[in-house]
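Novice: Encoded as structure tokens, here's the structure I'll be asking about.
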Amino acid sequence: MQKLTRSLLRWYEKKGRRLPWRISPYDLKTGIKPDPYKVWVSEIMLQQTTVSTVIPYFNQFIEEWCNVAQLSKADQNEIISFWAGLGYYSRARNILRSAKEIMDKYQGEIPEEKDKLKSLPGIGEYTASAIRSIGFQKSDITIDGNIERIITRLFRIETPIRFSKKIIQKKAKLIFPKNRTGDFCQGLMDLANIICKPRKPICTECPISSFCESFKEGETDSIPVKVPKKPKPIRKGFVYFVKNNDNKILMERRPDEGLLGGLLAFPSSDWLENEPDLVFPIDAEWSQPFDKIMHEFTHFKLELKVVVGMAGKFHIKKSTYEVFDLHSLDESQLPTLMRKVLRKGKKLANQKI
DNA sequence: AAATCGGGGTC
DNA sequence: GACCCAGATTT
């Protein structure tokens, strides 16, 4: 084993984070085994999502569905509502689909084989490796965005990460140990989070700075090299907050595919780069669209004008509409955009009375 | 290789 | 504001 590897593992034992899905290196040594189910759930939630955001969702998820069998029996809308606020909602549908497939094909046991893992929906190269190394204590080299940053700095790779995946893979082979691969991997993640941060890494406290070529050359600020990003276009539209005499409101479940797929939403127009025409979804007394809601997605900004409608009785035009009681609607089952709409809509509706 | 798919923490 | 986070999947 290399010096770098030993230094990192020792640092991980001392400074590593305690996380709900993680078995500490001490407990691992006593023979306590990780729960592959928890590792799987955590890895799905952690895709492009920070640890601090995931922790409360993870704890509640495990409380609700403590194993594959239980999860497989859950209702899709239940899982999606649970996932609301976490983002990337295809993960919610995929984790349920995977649970069912694991019941059918593998008798409820999460498979260890890489190709079987990767064939499950929502599990790609990284997640399969992570489940194997962390959950099953296999020797898979596991590389995520954090570890890519560490490796490019360690080996002073001066090409942007998206063009240097092959080199990163080769360098990773040089430092990943055959034993305690999961600990090493998680140690790198913790190092990336605590020390080797995207900006202003704390190299004075880094256990492997003596092996770091970027540190040696004073280039930790310029590596990894970042590529300029495209500006986000702005899309516009209307969102309709329609309230009834007995405090019922009109909502809609979005189709599974696409943005906010499967989530509960307020009815809205299309979202286009040119503001669409204002067409009301239902007969009501409509306000002027003065108030705006701003929201930012991964690849566009959204400006929604809120239109409040007061209806006597609902005459439903579309079958996808669902009527909810305003006061018993739990905003926790809404995506963040629709939470904003709910708050604004409530305020505006109150002003009108 | 680029686009799609959320939301929030951090500096 | 810009950047990025234990990425996967489709185009």
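Chains: A, B, ... in order of the structure tokens. Residues: from 1 per chain. Ligands: from 1, in order shown.
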Which of stretch 19-247 of chain A end up as helix (DSSP H, G or I) when DSSP is run on this backbone - answer as a count of residues only?

Specialist: 124

Novice: Mind listing as a PDB file with N, CA, C and O atoms, in the first residue's frame which residues of chain A are within 9 Å of chain B, counting only C-alpha atoms (C1' of nucleotides)?

Specialist:
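So selection-v5.pdb came out as:
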ATOM      1  N   THR A  49     -26.434  15.963  -5.087  1.00  0.00           N
ATOM      2  CA  THR A  49     -27.139  16.547  -3.952  1.00  0.00           C
ATOM      3  C   THR A  49     -26.232  16.508  -2.731  1.00  0.00           C
ATOM      4  O   THR A  49     -25.569  15.499  -2.484  1.00  0.00           O
ATOM      5  N   THR A  50     -26.201  17.614  -1.973  1.00  0.00           N
ATOM      6  CA  THR A  50     -25.247  17.697  -0.865  1.00  0.00           C
ATOM      7  C   THR A  50     -25.671  16.829   0.312  1.00  0.00           C
ATOM      8  O   THR A  50     -26.861  16.567   0.522  1.00  0.00           O
ATOM      9  N   SER A  52     -25.723  17.490   3.502  1.00  0.00           N
ATOM     10  CA  SER A  52     -26.595  18.121   4.498  1.00  0.00           C
ATOM     11  C   SER A  52     -28.050  18.161   4.040  1.00  0.00           C
ATOM     12  O   SER A  52     -28.966  18.099   4.847  1.00  0.00           O
ATOM     13  N   THR A  53     -28.244  18.268   2.719  1.00  0.00           N
ATOM     14  CA  THR A  53     -29.614  18.238   2.198  1.00  0.00           C
ATOM     15  C   THR A  53     -30.206  16.843   2.332  1.00  0.00           C
ATOM     16  O   THR A  53     -31.386  16.676   2.654  1.00  0.00           O
ATOM     17  N   GLY A  85     -39.008  18.449  -3.134  1.00  0.00           N
ATOM     18  CA  GLY A  85     -38.034  19.348  -2.534  1.00  0.00           C
ATOM     19  C   GLY A  85     -36.604  18.871  -2.696  1.00  0.00           C
ATOM     20  O   GLY A  85     -35.663  19.651  -2.564  1.00  0.00           O
ATOM     21  N   LEU A  86     -36.443  17.582  -2.975  1.00  0.00           N
ATOM     22  CA  LEU A  86     -35.094  17.027  -3.105  1.00  0.00           C
ATOM     23  C   LEU A  86     -34.555  17.191  -4.527  1.00  0.00           C
ATOM     24  O   LEU A  86     -33.346  17.277  -4.731  1.00  0.00           O
ATOM     25  N   GLY A  87     -35.443  17.228  -5.502  1.00  0.00           N
ATOM     26  CA  GLY A  87     -35.024  17.450  -6.881  1.00  0.00           C
ATOM     27  C   GLY A  87     -34.707  16.179  -7.648  1.00  0.00           C
ATOM     28  O   GLY A  87     -34.640  15.088  -7.078  1.00  0.00           O
ATOM     29  N   TYR A  88     -34.536  16.316  -8.945  1.00  0.00           N
ATOM     30  CA  TYR A  88     -34.260  15.176  -9.838  1.00  0.00           C
ATOM     31  C   TYR A  88     -35.224  14.030  -9.555  1.00  0.00           C
ATOM     32  O   TYR A  88     -34.834  12.971  -9.070  1.00  0.00           O
ATOM     33  N   TYR A  89     -36.496  14.272  -9.893  1.00  0.00           N
ATOM     34  CA  TYR A  89     -37.561  13.393  -9.444  1.00  0.00           C
ATOM     35  C   TYR A  89     -37.615  12.052 -10.155  1.00  0.00           C
ATOM     36  O   TYR A  89     -38.297  11.136  -9.695  1.00  0.00           O
ATOM     37  N   SER A  90     -36.888  11.895 -11.258  1.00  0.00           N
ATOM     38  CA  SER A  90     -36.838  10.571 -11.880  1.00  0.00           C
ATOM     39  C   SER A  90     -36.184   9.579 -10.913  1.00  0.00           C
ATOM     40  O   SER A  90     -36.450   8.384 -10.969  1.00  0.00           O
ATOM     41  N   ARG A 199     -13.296  25.780  -3.943  1.00  0.00           N
ATOM     42  CA  ARG A 199     -12.567  27.034  -3.814  1.00  0.00           C
ATOM     43  C   ARG A 199     -11.860  27.103  -2.474  1.00  0.00           C
ATOM     44  O   ARG A 199     -12.362  26.605  -1.477  1.00  0.00           O
ATOM     45  N   GLY A 258     -40.408  14.301 -18.080  1.00  0.00           N
ATOM     46  CA  GLY A 258     -40.159  15.732 -18.160  1.00  0.00           C
ATOM     47  C   GLY A 258     -39.947  16.385 -16.807  1.00  0.00           C
ATOM     48  O   GLY A 258     -39.854  15.725 -15.764  1.00  0.00           O
ATOM     49  N   LEU A 259     -39.888  17.698 -16.846  1.00  0.00           N
ATOM     50  CA  LEU A 259     -39.577  18.501 -15.668  1.00  0.00           C
ATOM     51  C   LEU A 259     -40.632  18.314 -14.577  1.00  0.00           C
ATOM     52  O   LEU A 259     -41.820  18.320 -14.862  1.00  0.00           O
ATOM     53  N   LEU A 260     -40.171  18.160 -13.345  1.00  0.00           N
ATOM     54  CA  LEU A 260     -41.062  17.967 -12.192  1.00  0.00           C
ATOM     55  C   LEU A 260     -42.028  16.816 -12.451  1.00  0.00           C
ATOM     56  O   LEU A 260     -43.185  16.862 -12.028  1.00  0.00           O
ATOM     57  N   GLU A 296     -35.260  29.165 -10.503  1.00  0.00           N
ATOM     58  CA  GLU A 296     -34.155  28.786 -11.372  1.00  0.00           C
ATOM     59  C   GLU A 296     -34.008  27.280 -11.420  1.00  0.00           C
ATOM     60  O   GLU A 296     -33.916  26.627 -10.390  1.00  0.00           O
ATOM     61  N   PHE A 297     -34.052  26.741 -12.639  1.00  0.00           N
ATOM     62  CA  PHE A 297     -33.796  25.317 -12.820  1.00  0.00           C
ATOM     63  C   PHE A 297     -32.373  25.117 -13.325  1.00  0.00           C
ATOM     64  O   PHE A 297     -31.617  26.080 -13.471  1.00  0.00           O
ATOM     65  N   THR A 298     -32.046  23.869 -13.627  1.00  0.00           N
ATOM     66  CA  THR A 298     -30.685  23.577 -14.048  1.00  0.00           C
ATOM     67  C   THR A 298     -30.320  24.320 -15.333  1.00  0.00           C
ATOM     68  O   THR A 298     -29.214  24.828 -15.448  1.00  0.00           O
ATOM     69  N   HIS A 299     -31.243  24.395 -16.273  1.00  0.00           N
ATOM     70  CA  HIS A 299     -30.861  24.933 -17.573  1.00  0.00           C
ATOM     71  C   HIS A 299     -31.716  26.091 -18.058  1.00  0.00           C
ATOM     72  O   HIS A 299     -31.594  26.492 -19.211  1.00  0.00           O
ATOM     73  N   PRO A 335     -43.069  20.446  -5.009  1.00  0.00           N
ATOM     74  CA  PRO A 335     -41.710  20.866  -5.372  1.00  0.00           C
ATOM     75  C   PRO A 335     -41.530  22.335  -4.988  1.00  0.00           C
ATOM     76  O   PRO A 335     -42.521  23.058  -4.815  1.00  0.00           O
ATOM     77  N   THR A 336     -40.293  22.755  -4.888  1.00  0.00           N
ATOM     78  CA  THR A 336     -40.008  24.090  -4.359  1.00  0.00           C
ATOM     79  C   THR A 336     -40.713  25.194  -5.142  1.00  0.00           C
ATOM     80  O   THR A 336     -41.258  26.134  -4.552  1.00  0.00           O
TER      81      THR A 336
END

Novice: Would you list the contacts of C:DA8 as a ChimeraX atom specification, taking every protein, DNA or RNA residue within 7 Å and counting only C-alpha atoms (C1' of nucleotides), but skipping same-chain residues closer than 2 positions in sequence?

Specialist: /A:122-124

Novice: What lies within 7 Å of A:Val239 using only C-alpha atoms (C1' of nucleotides), ignoring chain neighbours under 6 positions off, as a count of residues only?

Specialist: 8

Novice: Report as JSON, numbers by chain the set of chain C residues whose atoms approach chain A to within 6 Å, with distances computed over only C-alpha atoms (C1' of nucleotides).

Specialist: {"C": [5, 6, 7, 8]}

Novice: Quick one: residues within 8 Å of A:Pro201, only C-alpha atoms (C1' of nucleotides), excluding same-chain residues fewer than 5 positions away - as a ChimeraX atom specification?

Specialist: /A:195-196,220-221

Novice: Tell me, which residues of stretch 104-298 of chain A carry DSSP strand (DSSP E), written as number ranges by chain?

Specialist: A: 234-243, 248-253, 264-265, 285-286, 292-296

Novice: Tell me, in Å to one decimal, how far atom CA of A:Ala284 is from atom CA of A:Met338.

Specialist: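 Computed distance, atom CA of A:Ala284 to atom CA of A:Met338, equals 20.9 Å.
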
Novice: So how far away is atom CA of A:Ile208 from atom CA of A:Ser7, in Å?

Specialist: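 Separation of atom CA of A:Ser7 and atom CA of A:Ile208: 6.6 Å.
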
Novice: What is the distance between atom CA of A:Leu96 and atom CA of A:Ser72, in Å to one decimal?

Specialist: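 Distance between the two atoms: 6.0 Å.
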
Novice: Show which residues sit within 10 Å of A:Arg153, as a PDB file with C-alpha atoms, in the first residue's frame. Count only C-alpha atoms (C1' of nucleotides), and ignore same-chain residues fewer than 6 positions away.

Specialist:
ATOM      1  CA  ILE A 147     -12.724  12.546  -6.294  1.00  0.00           C
ATOM      2  CA  CYS A 196      -9.933  19.926  -0.836  1.00  0.00           C
ATOM      3  CA  SER A 209      -0.549  17.684   0.423  1.00  0.00           C
ATOM      4  CA  PHE A 211       1.903  14.162  -2.677  1.00  0.00           C
ATOM      5  CA  CYS A 212      -0.022  16.948  -4.421  1.00  0.00           C
ATOM      6  CA  GLU A 213       1.624  18.370  -7.540  1.00  0.00           C
ATOM      7  CA  SER A 214      -0.782  21.311  -7.733  1.00  0.00           C
ATOM      8  CA  PHE A 215       0.076  22.243  -4.166  1.00  0.00           C
ATOM      9  CA  GLU A 219      -1.843  25.868  -8.658  1.00  0.00           C
ATOM     10  CA  THR A 220      -4.602  24.551  -6.444  1.00  0.00           C
ATOM     11  CA  ASP A 221      -6.688  27.621  -7.310  1.00  0.00           C
ATOM     12  CA  SER A 222      -6.494  27.065 -11.069  1.00  0.00           C
ATOM     13  CA  ILE A 223      -6.998  23.280 -11.054  1.00  0.00           C
ATOM     14  CA  PRO A 224      -9.357  21.772 -11.963  1.00  0.00           C
ATOM     15  CA  VAL A 225      -9.660  23.984 -15.034  1.00  0.00           C
TER      16      VAL A 225
END
